[in-house]
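Participant: Have a look at this one.
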Amino acid sequence: MKSSHSVDERRKRIVEWVNDNGHTRVETLASQFNASEVTIRKDLTALAAQGALIRQFGGAVPAASSRTANNNSAEMSSVTSTTSLPSTSFKTEASSLASSELSNAIGQCAANLVTPGSKLVIDCGSTTSAILPYLSTLDDLVVMTNTLSTANYLTQCDTEPTVLMAGGTWDALSQSFQGSMAEQLVSAYSFDIAFIGAAGIDVERGTTTFNELTGVTRAMANAASKVVVMASAKKLLHKMPNLELGWNKISVLITDDTISDSDKTNIENKGVTVIVATLNGE
């Protein structure tokens, strides 16, 4: 059995590794520290709760303060050594980090709506997956999903929920199960909350998409008492032809603080509660 000292030492080294290397996947850390992926996930959950790093679906990124310090140090070093290095990589990395941090903030706000014993259905999508690390502290959850990666993540949690998997036909593009069989299975249950993503958002109509794979999402919405859409504000810039969920089907929109006041007001006027997530945890 591992001593608490060895666990603390490993977690300290994990934080150092993530701070030095940036976004790191669970399997990479498992290999680096000769530990199982289950153990690493538990480590990341504990470290995220301490604020030592930011838990991200599939891995972790440095805490903002640590990353900022590292970036400042790296930039000072590069300026001292040379002035010819392109800034594109720094801008790309900063943009990626900011995007992942905003997704995590949206995920945390979404988890605040969940209580122990809740019955949830979680749709596919990178933003909806941001809720997963924050569900690990809640007991007696029942969660249905149409995504293998979400089901796999939940079954590795210390407080493993009852996981229900939608069947159907595997869609490689969305990395989820779709089709009439999936719709029928979802419709056979009732849920407290459905967490839904969005490829695009139309202020006047609701969530939109380019494809016609809307059946499972609509079934999830119809089977839930509350429908929560999780989407970054940049999705308001995506104009897509197919309506997925009209505002009359949506209870809450959780987005980030780049949403304009006018868009926020217009959506609220549709009867939707808009929750604005910020990096400060608001």
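Identifiers in this document derive from the order of the structure tokens: chains are assigned A, B, ..., residues are numbered from 1 separately in each chain, and ligands are numbered from 1 in order of occurrence.
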Which residues are near Asp202 of chain A? Cut-off 9 Å, only C-alpha atoms, ignore same chain within fewer than 5 positions. Put them as a tab-separated table (two decimals) with N, CA and C atoms, in the first residue's frame.

Facilitator:
chain	number	residue	atom	x	y	z
A	207	THR	N	-30.51	27.05	-30.16
A	207	THR	CA	-29.25	26.41	-30.56
A	207	THR	C	-29.40	25.87	-31.97
A	208	THR	N	-28.30	25.93	-32.73
A	208	THR	CA	-28.34	25.55	-34.14
A	208	THR	C	-27.16	24.64	-34.48
A	235	LYS	N	-19.99	30.99	-29.75
A	235	LYS	CA	-20.97	30.24	-30.53
A	235	LYS	C	-22.07	31.16	-31.06
A	236	LEU	N	-22.21	32.35	-30.47
A	236	LEU	CA	-23.17	33.32	-30.98
A	236	LEU	C	-22.76	33.88	-32.34
A	237	LEU	N	-21.50	33.68	-32.70
A	237	LEU	CA	-21.00	34.15	-33.99
A	237	LEU	C	-21.19	33.12	-35.09
A	238	HIS	N	-21.58	31.90	-34.70
A	238	HIS	CA	-21.73	30.81	-35.67
A	238	HIS	C	-23.17	30.78	-36.20
A	239	LYS	N	-23.32	31.11	-37.45
A	239	LYS	CA	-24.63	31.12	-38.08
A	239	LYS	C	-24.86	29.78	-38.77
A	240	MET	N	-25.79	28.98	-38.26
A	240	MET	CA	-26.04	27.65	-38.79
A	240	MET	C	-27.51	27.48	-39.13
A	243	LEU	N	-32.16	24.39	-36.82
A	243	LEU	CA	-32.51	24.64	-35.42
A	243	LEU	C	-32.48	23.31	-34.67

Participant: List the neighbours of Val38 of chain A out to 10 Å using only C-alpha atoms; skip same-chain residues closer than 4 positions along the sequence, and give me the result as JSON, numbers by chain.

Facilitator: {"A": [26, 27, 30, 42, 43, 153, 155, 156, 157, 158]}

Participant: Take the residues that were just selected and, keeping all heavy atoms, output them as a PDB file, in the first residue's frame.

Facilitator:
ATOM      1  N   VAL A  26      -3.978  12.320 -19.148  1.00  0.00           N
ATOM      2  CA  VAL A  26      -3.902  11.351 -18.053  1.00  0.00           C
ATOM      3  C   VAL A  26      -2.932  10.225 -18.386  1.00  0.00           C
ATOM      4  O   VAL A  26      -2.109   9.827 -17.559  1.00  0.00           O
ATOM      5  CB  VAL A  26      -5.298  10.781 -17.741  1.00  0.00           C
ATOM      6  CG1 VAL A  26      -5.203   9.556 -16.838  1.00  0.00           C
ATOM      7  CG2 VAL A  26      -6.174  11.840 -17.083  1.00  0.00           C
ATOM      8  N   GLU A  27      -3.008   9.702 -19.608  1.00  0.00           N
ATOM      9  CA  GLU A  27      -2.162   8.564 -19.961  1.00  0.00           C
ATOM     10  C   GLU A  27      -0.674   8.933 -19.948  1.00  0.00           C
ATOM     11  O   GLU A  27       0.174   8.098 -19.626  1.00  0.00           O
ATOM     12  CB  GLU A  27      -2.565   7.982 -21.322  1.00  0.00           C
ATOM     13  CG  GLU A  27      -2.636   8.984 -22.451  1.00  0.00           C
ATOM     14  CD  GLU A  27      -4.041   9.499 -22.676  1.00  0.00           C
ATOM     15  OE1 GLU A  27      -4.792   9.657 -21.686  1.00  0.00           O
ATOM     16  OE2 GLU A  27      -4.381   9.745 -23.850  1.00  0.00           O
ATOM     17  N   ALA A  30       0.293   8.926 -16.309  1.00  0.00           N
ATOM     18  CA  ALA A  30       0.338   7.550 -15.817  1.00  0.00           C
ATOM     19  C   ALA A  30       1.648   6.882 -16.204  1.00  0.00           C
ATOM     20  O   ALA A  30       2.275   6.179 -15.398  1.00  0.00           O
ATOM     21  CB  ALA A  30      -0.856   6.758 -16.352  1.00  0.00           C
ATOM     22  N   LYS A  42      -7.560  10.323  -9.799  1.00  0.00           N
ATOM     23  CA  LYS A  42      -7.819  10.680  -8.407  1.00  0.00           C
ATOM     24  C   LYS A  42      -6.863  11.788  -7.960  1.00  0.00           C
ATOM     25  O   LYS A  42      -7.260  12.717  -7.251  1.00  0.00           O
ATOM     26  CB  LYS A  42      -7.660   9.447  -7.516  1.00  0.00           C
ATOM     27  CG  LYS A  42      -8.732   8.388  -7.712  1.00  0.00           C
ATOM     28  CD  LYS A  42      -8.483   7.168  -6.826  1.00  0.00           C
ATOM     29  CE  LYS A  42      -9.546   6.103  -7.029  1.00  0.00           C
ATOM     30  NZ  LYS A  42      -9.286   4.890  -6.226  1.00  0.00           N
ATOM     31  N   ASP A  43      -5.599  11.678  -8.374  1.00  0.00           N
ATOM     32  CA  ASP A  43      -4.613  12.714  -8.034  1.00  0.00           C
ATOM     33  C   ASP A  43      -5.035  14.066  -8.606  1.00  0.00           C
ATOM     34  O   ASP A  43      -4.992  15.094  -7.909  1.00  0.00           O
ATOM     35  CB  ASP A  43      -3.231  12.343  -8.576  1.00  0.00           C
ATOM     36  CG  ASP A  43      -2.580  11.187  -7.833  1.00  0.00           C
ATOM     37  OD1 ASP A  43      -2.992  10.910  -6.698  1.00  0.00           O
ATOM     38  OD2 ASP A  43      -1.647  10.578  -8.394  1.00  0.00           O
ATOM     39  N   TYR A 153     -15.060   8.117 -18.251  1.00  0.00           N
ATOM     40  CA  TYR A 153     -14.593   9.036 -17.205  1.00  0.00           C
ATOM     41  C   TYR A 153     -15.388   8.828 -15.915  1.00  0.00           C
ATOM     42  O   TYR A 153     -14.813   8.717 -14.830  1.00  0.00           O
ATOM     43  CB  TYR A 153     -14.744  10.480 -17.673  1.00  0.00           C
ATOM     44  CG  TYR A 153     -14.206  11.495 -16.689  1.00  0.00           C
ATOM     45  CD1 TYR A 153     -12.939  12.031 -16.847  1.00  0.00           C
ATOM     46  CD2 TYR A 153     -14.968  11.905 -15.587  1.00  0.00           C
ATOM     47  CE1 TYR A 153     -12.439  12.953 -15.939  1.00  0.00           C
ATOM     48  CE2 TYR A 153     -14.475  12.813 -14.676  1.00  0.00           C
ATOM     49  CZ  TYR A 153     -13.211  13.345 -14.864  1.00  0.00           C
ATOM     50  OH  TYR A 153     -12.713  14.241 -13.945  1.00  0.00           O
ATOM     51  N   THR A 155     -17.003   6.289 -14.807  1.00  0.00           N
ATOM     52  CA  THR A 155     -16.797   5.004 -14.136  1.00  0.00           C
ATOM     53  C   THR A 155     -15.459   4.941 -13.407  1.00  0.00           C
ATOM     54  O   THR A 155     -15.214   4.003 -12.653  1.00  0.00           O
ATOM     55  CB  THR A 155     -16.875   3.831 -15.136  1.00  0.00           C
ATOM     56  OG1 THR A 155     -15.906   4.018 -16.171  1.00  0.00           O
ATOM     57  CG2 THR A 155     -18.265   3.735 -15.741  1.00  0.00           C
ATOM     58  N   GLN A 156     -14.602   5.941 -13.627  1.00  0.00           N
ATOM     59  CA  GLN A 156     -13.314   5.984 -12.928  1.00  0.00           C
ATOM     60  C   GLN A 156     -13.356   6.887 -11.692  1.00  0.00           C
ATOM     61  O   GLN A 156     -12.362   6.980 -10.966  1.00  0.00           O
ATOM     62  CB  GLN A 156     -12.214   6.496 -13.870  1.00  0.00           C
ATOM     63  CG  GLN A 156     -12.059   5.711 -15.160  1.00  0.00           C
ATOM     64  CD  GLN A 156     -11.732   4.263 -14.920  1.00  0.00           C
ATOM     65  OE1 GLN A 156     -10.939   3.931 -14.046  1.00  0.00           O
ATOM     66  NE2 GLN A 156     -12.354   3.373 -15.697  1.00  0.00           N
ATOM     67  N   CYS A 157     -14.482   7.544 -11.443  1.00  0.00           N
ATOM     68  CA  CYS A 157     -14.581   8.468 -10.304  1.00  0.00           C
ATOM     69  C   CYS A 157     -14.645   7.699  -8.984  1.00  0.00           C
ATOM     70  O   CYS A 157     -15.155   6.572  -8.925  1.00  0.00           O
ATOM     71  CB  CYS A 157     -15.834   9.339 -10.432  1.00  0.00           C
ATOM     72  SG  CYS A 157     -15.790  10.518 -11.798  1.00  0.00           S
ATOM     73  N   ASP A 158     -14.127   8.320  -7.934  1.00  0.00           N
ATOM     74  CA  ASP A 158     -14.214   7.712  -6.603  1.00  0.00           C
ATOM     75  C   ASP A 158     -15.664   7.471  -6.213  1.00  0.00           C
ATOM     76  O   ASP A 158     -16.019   6.426  -5.676  1.00  0.00           O
ATOM     77  CB  ASP A 158     -13.543   8.617  -5.562  1.00  0.00           C
ATOM     78  CG  ASP A 158     -12.022   8.606  -5.704  1.00  0.00           C
ATOM     79  OD1 ASP A 158     -11.508   7.665  -6.330  1.00  0.00           O
ATOM     80  OD2 ASP A 158     -11.374   9.523  -5.185  1.00  0.00           O
TER      81      ASP A 158
END

Participant: Could you tell me how far atom CA of Ala182 of chain A sits from atom CA of Ser103 of chain A, in Å to one decimal place?

Facilitator: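 Separation between atom CA of Ser103 of chain A and atom CA of Ala182 of chain A: 26.8 Å.
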
Participant: Which residue gives the smallest distance to Ser126 of chain A among A:Leu102, A:Ala111, A:Ile54, A:Leu44, with only C-alpha atoms counted?

Facilitator: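 Of A:Leu102, A:Ala111, A:Ile54, A:Leu44, the one nearest Ser126 of chain A, counting only C-alpha atoms, is A:Leu102.
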
Participant: So which residues touch Met220 of chain A within 8 Å, counting only C-alpha atoms, skipping near sequence neighbours fewer than 2 positions away, as a PyMOL selection string?

Facilitator: chain A and resi 121+123+186-187+194+216-218+222-224

Participant: Work out how far apart atom CA of Gln50 of chain A and atom CA of Pro116 of chain A are and give it in Å to one decimal.

Facilitator: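 That distance, rounded to one decimal, is 21.4 Å.
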
Participant: So that each row is one residue of segment 96-206 of chain A with an atom at most 12 Å from segment 255-268 of chain A, can you give its shortest atom pair and the distance in Å to one decimal, using only C-alpha atoms, rows by chain and rising number, as CSV?

Facilitator:
residue,atom,partner,partner_atom,distance
A:Ala98,CA,A:Asp256,CA,11.2
A:Ser99,CA,A:Asp256,CA,10.0
A:Ser100,CA,A:Asp256,CA,11.7
A:Glu101,CA,A:Asp256,CA,10.4
A:Leu102,CA,A:Asp256,CA,6.6
A:Ser103,CA,A:Asp256,CA,8.3
A:Asn104,CA,A:Asp256,CA,10.4
A:Ala105,CA,A:Asp256,CA,8.1
A:Ile106,CA,A:Thr255,CA,6.3
A:Gly107,CA,A:Thr255,CA,9.7
A:Gln108,CA,A:Thr255,CA,11.4
A:Cys109,CA,A:Thr255,CA,9.3
A:Ala110,CA,A:Thr255,CA,9.9
A:Thr127,CA,A:Thr255,CA,10.0
A:Thr128,CA,A:Thr255,CA,11.4
A:Gly197,CA,A:Thr255,CA,10.6
A:Ala198,CA,A:Thr255,CA,10.8
A:Ile201,CA,A:Ile267,CA,10.2
A:Asp202,CA,A:Ile267,CA,9.4
A:Val203,CA,A:Ile267,CA,6.1
A:Glu204,CA,A:Ile267,CA,7.6
A:Arg205,CA,A:Ile267,CA,9.4
A:Gly206,CA,A:Ile267,CA,8.7

Participant: Find the residues near Leu185 of chain A: any atom within 12 Å, counting only C-alpha atoms, skip ones fewer than 6 places away on the same chain, and give them as a CSV table (one decimal) with C-alpha atoms, in the first residue's frame.

Facilitator:
chain,number,residue,atom,x,y,z
A,121,VAL,CA,-28.3,13.2,-19.0
A,144,MET,CA,-27.0,8.8,-18.9
A,145,THR,CA,-24.7,9.8,-21.9
A,146,ASN,CA,-24.4,9.0,-25.5
A,164,LEU,CA,-26.5,4.5,-18.3
A,165,MET,CA,-25.3,4.3,-21.9
A,166,ALA,CA,-27.5,5.2,-24.9
A,167,GLY,CA,-27.2,2.7,-27.7
A,168,GLY,CA,-27.8,3.5,-31.4
A,177,PHE,CA,-24.2,7.4,-30.5
A,178,GLN,CA,-27.1,8.7,-32.6
A,179,GLY,CA,-30.1,7.4,-34.4
A,215,GLY,CA,-33.0,13.7,-32.6
A,216,VAL,CA,-31.0,12.5,-29.6
A,219,ALA,CA,-35.0,13.5,-26.9
A,220,MET,CA,-32.7,14.4,-24.0
A,223,ALA,CA,-36.9,13.8,-21.1

Participant: Work out how far apart atom CA of Ile250 of chain A and atom CA of Val227 of chain A are and give it in Å to one decimal.

Facilitator: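 So the answer is 5.1 Å.
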
Participant: Would you please give, as a VMD selection string, all residues of segment 182-268 of chain A that DSSP assigns to strand (DSSP E) based on the backbone?

Facilitator: chain A and resid 191 to 196 200 to 202 206 to 209 224 to 230 242 to 246 252 to 256

Participant: List the neighbours of Asp192 of chain A out to 6 Å using only C-alpha atoms; skip same-chain residues closer than 5 positions along the sequence, and give me the result as a PyMOL selection string.

Facilitator: chain A and resi 119-120+224-225

Participant: For the alpha helix (DSSP H) assignment from backbone DSSP, which residues of segment 96-262 of chain A qualify? Please present them as a VMD selection string.

Facilitator: chain A and resid 96 to 111 132 to 135 148 to 154 180 to 187 215 to 223 261 to 262

Participant: Name the closest residue to Val228 of chain A among the candidates A:Leu113, A:Val142, A:Ala130, A:Ala172; distances are taken between atoms, counting only C-alpha atoms.

Facilitator: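 So, comparing all the options, the nearest one is A:Leu113.
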